[in-house]
Amino acid sequence: MATKQDTILKFIERAQGATIAQLQKVTGWQPHSIRAALTGLRKKKYDIGRDKNSKGVNVYRIVQSVPR
């Protein structure tokens, strides 16, 4: 069974990445919980980049994955 953090990881591993709003929709979490989960992934040595899309919204994506 996949955890919500696994779901977040799956979404940010996509080439297009994911916004906080997209991650909220799939997890049901509040934005601060999403950001905390991203911090947790960074502590697990995932290199997570943040860019802005054409609408100026932050998009998070894995820059370089670590072996699981």
# chains A, B, ... in the order shown; residues from 1 in each chain; ligands from 1
>>> select_by_dssp(residues="chain A", states="helix (DSSP H, G or I)", output="PyMOL selection string")
chain A and resi 4-12+20-27+31-43
>>> write_last_selection(atoms="C-alpha atoms", output="mmCIF file, in the first residue's frame")
data_model
loop_
_atom_site.group_PDB
_atom_site.id
_atom_site.type_symbol
_atom_site.label_atom_id
_atom_site.label_comp_id
_atom_site.auth_asym_id
_atom_site.auth_seq_id
_atom_site.Cartn_x
_atom_site.Cartn_y
_atom_site.Cartn_z
ATOM 1 C CA LYS A 4 0.808 9.695 0.838
ATOM 2 C CA GLN A 5 4.515 10.508 0.784
ATOM 3 C CA ASP A 6 4.952 7.827 -1.920
ATOM 4 C CA THR A 7 2.155 9.524 -3.861
ATOM 5 C CA ILE A 8 3.899 12.907 -3.560
ATOM 6 C CA LEU A 9 7.138 11.333 -4.744
ATOM 7 C CA LYS A 10 5.394 9.746 -7.737
ATOM 8 C CA PHE A 11 3.954 13.121 -8.766
ATOM 9 C CA ILE A 12 7.172 15.121 -8.397
ATOM 10 C CA ILE A 20 1.122 22.309 -4.242
ATOM 11 C CA ALA A 21 -2.527 22.437 -5.420
ATOM 12 C CA GLN A 22 -2.107 19.203 -7.399
ATOM 13 C CA LEU A 23 -0.467 17.502 -4.440
ATOM 14 C CA GLN A 24 -3.256 18.736 -2.149
ATOM 15 C CA LYS A 25 -5.844 17.202 -4.443
ATOM 16 C CA VAL A 26 -4.233 13.745 -4.473
ATOM 17 C CA THR A 27 -3.347 13.620 -0.754
ATOM 18 C CA PRO A 31 -0.256 23.144 1.937
ATOM 19 C CA HIS A 32 1.921 23.246 5.071
ATOM 20 C CA SER A 33 1.767 19.446 5.310
ATOM 21 C CA ILE A 34 2.791 19.105 1.660
ATOM 22 C CA ARG A 35 5.764 21.412 2.232
ATOM 23 C CA ALA A 36 6.738 19.404 5.336
ATOM 24 C CA ALA A 37 6.606 16.187 3.293
ATOM 25 C CA LEU A 38 8.837 17.784 0.643
ATOM 26 C CA THR A 39 11.285 18.758 3.399
ATOM 27 C CA GLY A 40 11.209 15.162 4.638
ATOM 28 C CA LEU A 41 12.069 13.928 1.154
ATOM 29 C CA ARG A 42 14.938 16.421 0.972
ATOM 30 C CA LYS A 43 16.257 15.043 4.261
#
>>> residues_around(residues="range 47-50 of chain A", least_positions_apart="5", cutoff="6 Å", atoms="only C-alpha atoms", output="number ranges by chain")
A: 59-64
>>> select_by_dssp(residues="chain A", states="strand (DSSP E)", output="PyMOL selection string")
chain A and resi 47-52+58-64
>>> atom_distance(atom1="CA of Asn53 in chain A", atom2="CA of Thr3 in chain A")
27.1 Å
>>> decode(residues="range 20-48 of chain A", atoms="N, CA and C atoms", output="compact mmCIF listing (two decimals), in the first residue's frame")
# COMPACT_ATOMS: atom_id res chain seq x y z
N ILE A 20 1.68 22.58 -5.57
CA ILE A 20 1.12 22.31 -4.24
C ILE A 20 -0.36 21.96 -4.38
N ALA A 21 -1.09 22.69 -5.23
CA ALA A 21 -2.53 22.44 -5.42
C ALA A 21 -2.78 21.02 -5.95
N GLN A 22 -1.96 20.56 -6.88
CA GLN A 22 -2.11 19.20 -7.40
C GLN A 22 -1.83 18.18 -6.31
N LEU A 23 -0.81 18.43 -5.52
CA LEU A 23 -0.47 17.50 -4.44
C LEU A 23 -1.54 17.50 -3.36
N GLN A 24 -2.15 18.66 -3.10
CA GLN A 24 -3.26 18.74 -2.15
C GLN A 24 -4.42 17.87 -2.61
N LYS A 25 -4.70 17.94 -3.89
CA LYS A 25 -5.84 17.20 -4.44
C LYS A 25 -5.66 15.69 -4.29
N VAL A 26 -4.45 15.19 -4.53
CA VAL A 26 -4.23 13.74 -4.47
C VAL A 26 -4.01 13.22 -3.06
N THR A 27 -3.59 14.09 -2.12
CA THR A 27 -3.35 13.62 -0.75
C THR A 27 -4.43 14.03 0.23
N GLY A 28 -5.12 15.15 -0.06
CA GLY A 28 -6.09 15.67 0.89
C GLY A 28 -5.44 16.47 2.01
N TRP A 29 -4.15 16.75 1.87
CA TRP A 29 -3.41 17.48 2.89
C TRP A 29 -3.48 18.99 2.67
N GLN A 30 -3.19 19.74 3.73
CA GLN A 30 -3.05 21.19 3.67
C GLN A 30 -1.68 21.54 3.09
N PRO A 31 -1.54 22.75 2.54
CA PRO A 31 -0.26 23.14 1.94
C PRO A 31 0.94 23.00 2.87
N HIS A 32 0.78 23.35 4.16
CA HIS A 32 1.92 23.25 5.07
C HIS A 32 2.35 21.80 5.27
N SER A 33 1.42 20.87 5.19
CA SER A 33 1.77 19.45 5.31
C SER A 33 2.50 18.96 4.07
N ILE A 34 2.10 19.45 2.91
CA ILE A 34 2.79 19.10 1.66
C ILE A 34 4.23 19.60 1.73
N ARG A 35 4.41 20.85 2.15
CA ARG A 35 5.76 21.41 2.23
C ARG A 35 6.61 20.64 3.25
N ALA A 36 6.01 20.21 4.34
CA ALA A 36 6.74 19.40 5.34
C ALA A 36 7.15 18.06 4.73
N ALA A 37 6.28 17.46 3.94
CA ALA A 37 6.61 16.19 3.29
C ALA A 37 7.76 16.39 2.30
N LEU A 38 7.74 17.49 1.57
CA LEU A 38 8.84 17.78 0.64
C LEU A 38 10.15 17.96 1.41
N THR A 39 10.10 18.61 2.56
CA THR A 39 11.29 18.76 3.40
C THR A 39 11.77 17.39 3.86
N GLY A 40 10.85 16.52 4.23
CA GLY A 40 11.21 15.16 4.64
C GLY A 40 11.90 14.40 3.52
N LEU A 41 11.42 14.57 2.29
CA LEU A 41 12.07 13.93 1.15
C LEU A 41 13.46 14.50 0.92
N ARG A 42 13.61 15.81 1.11
CA ARG A 42 14.94 16.42 0.97
C ARG A 42 15.90 15.85 2.01
N LYS A 43 15.41 15.62 3.21
CA LYS A 43 16.26 15.04 4.26
C LYS A 43 16.65 13.61 3.94
N LYS A 44 15.85 12.95 3.09
CA LYS A 44 16.17 11.60 2.63
C LYS A 44 17.06 11.65 1.39
N LYS A 45 17.62 12.84 1.11
CA LYS A 45 18.58 13.07 0.04
C LYS A 45 17.99 13.15 -1.37
N TYR A 46 16.69 13.40 -1.49
CA TYR A 46 16.11 13.66 -2.80
C TYR A 46 16.40 15.11 -3.15
N ASP A 47 16.85 15.33 -4.36
CA ASP A 47 17.14 16.69 -4.84
C ASP A 47 15.87 17.22 -5.51
N ILE A 48 15.15 18.06 -4.80
CA ILE A 48 13.87 18.58 -5.28
C ILE A 48 14.06 20.03 -5.72
